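Asks: Take this structure first; my questions come after.
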Amino acid sequence: MLKFILTSVISTAAFAASYRVPVPADLDSSAIWNEIRAEASISGDTLSGTYRLPIDLAGARAPAYHFTGKVERTFVHVSGEGVNGYCKLSENKPMTCLLEYPDLVVETTSRDEALNRNFRGSERDRRMQVVTLFSNDPVGLLSVDVR
């Protein structure tokens, strides 16, 4: 499953970051958040990253996540407070991380307000299905350029 997820990530433009929730194919186009706040860097053999989940995915109270890990070839096991996972480094492509949040509590009021503000009609309904799946199994893919 990890191999499938890592190979199915949509590429992003230079210096952009995106977040994707793994969902059934019929919801895939509604499971991507582009232009999120994120950064990643490598110093020596240590990868560090910082990002925030979108409000219309996790609510306004979701913290900024920070993770680190030791670079070993192209895969990096990363962890931080409230987050852990694996990142794949690729030359000339954004880094892709499969991340999980064992203790995430989604703040549904601000999340739903943001969904209602940002989306309408069937797209809003599809996004609600995506965020419900995420709330039940908080796993996602961060794609970000490493600087």
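Just remember, in the structure tokens the first chain shown is A, the second B, etc., residues are 1-based per chain, and ligands are 1-based in the order shown.
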List every residue of segment 46-140 of chain A that DSSP, applied to the backbone, labels as strand (DSSP E), and write the result as a PyMOL selection string.
Replies: chain A and resi 46-52+64-70+75-80+83-88+95-100+139-140
Asks: Using only C-alpha atoms, I'd like a table of the residues in segment 45-102 of chain A that come within 12 Å of segment 15-37 of chain A; for each, show the closest atom pair and its distance in Å rounded to one decimal, ordered by chain and ascending number, as CSV.
Replies:
```
residue,atom,partner,partner_atom,distance
A:Gly49,CA,A:Arg37,CA,10.9
A:Thr50,CA,A:Arg37,CA,8.2
A:Tyr51,CA,A:Arg37,CA,5.6
A:Arg52,CA,A:Arg37,CA,6.1
A:Leu53,CA,A:Ile36,CA,7.7
A:Pro54,CA,A:Ile36,CA,7.0
A:Ile55,CA,A:Ile36,CA,10.2
A:Asp56,CA,A:Trp33,CA,9.4
A:Leu57,CA,A:Trp33,CA,9.0
A:Ala58,CA,A:Val21,CA,11.5
A:Ala64,CA,A:Arg37,CA,9.5
A:Tyr65,CA,A:Arg37,CA,10.8
A:Asn92,CA,A:Phe15,CA,11.4
A:Lys93,CA,A:Phe15,CA,10.2
A:Pro94,CA,A:Ala17,CA,8.2
A:Met95,CA,A:Ala17,CA,9.5
A:Thr96,CA,A:Ser18,CA,9.5
A:Cys97,CA,A:Tyr19,CA,9.5
A:Leu98,CA,A:Arg20,CA,9.5
A:Leu99,CA,A:Val21,CA,10.0
A:Glu100,CA,A:Val21,CA,10.6
```
Asks: As a PyMOL selection string, list the residues of chain A assigned to alpha helix (DSSP H) by DSSP on the backbone atoms of this structure.
Replies: chain A and resi 2-7+55-58+108-118+121-136
Asks: Out of A:Val78, A:Val144, A:Ala40, A:Leu133, which residue has the shortest atom-to-atom distance to Val106 of chain A when counting only C-alpha atoms?
Replies: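 For Val106 of chain A, the nearest of the given residues is A:Leu133.
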Asks: Pick from A:Asn84, A:Ser41, A:Thr74, A:Thr46: nearest to Gly140 of chain A, with only C-alpha atoms counted?
Replies: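 Counting only C-alpha atoms, the residue closest to Gly140 of chain A is A:Asn84.
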Asks: With a distance cut-off of 12 Å and only C-alpha atoms, select the neighbouring residues of Asp45 of chain A, excluding the residue or stretch itself and same-chain residues fewer than 6 positions from it, and output the selection as a CSV table (one decimal) with C-alpha atoms, in the first residue's frame.
Replies:
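Contents of result15.csv, as written:
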```csv
chain,number,residue,atom,x,y,z
A,68,THR,CA,13.0,15.1,11.9
A,69,GLY,CA,14.7,12.0,10.7
A,70,LYS,CA,18.1,10.6,9.7
A,71,VAL,CA,18.6,10.4,5.9
A,72,GLU,CA,19.4,6.8,4.8
A,73,ARG,CA,19.6,6.7,1.0
A,74,THR,CA,16.2,7.8,-0.4
A,75,PHE,CA,13.9,6.9,2.5
A,76,VAL,CA,13.7,8.7,5.8
```
Asks: In Å, with one decimal, what is the gap from atom CA of Phe67 of chain A to atom CA of Ser48 of chain A?
Replies: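 Taking atom CA of Phe67 of chain A and atom CA of Ser48 of chain A, their separation equals 5.7 Å.
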Asks: Go through A:Asp112, A:Leu104, A:Glu81, A:Tyr86 and flag the residue nearest Leu142 of chain A, using only C-alpha atoms for the distances.
Replies: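 Closest to Leu142 of chain A of all the choices is A:Tyr86.
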Asks: By how many Å are atom CA of Glu107 of chain A and atom CA of Leu141 of chain A apart?
Replies: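 So the answer is 20.1 Å.
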Asks: Report as a list in words all protein, DNA and RNA residues lying within 6 Å of Pro138 of chain A, evaluated on only C-alpha atoms, omitting residues in the same chain fewer than 2 positions from it.
Replies: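 Close residues of Pro138 of chain A: Glu100, Tyr101, Phe134 and Ser135 of chain A.
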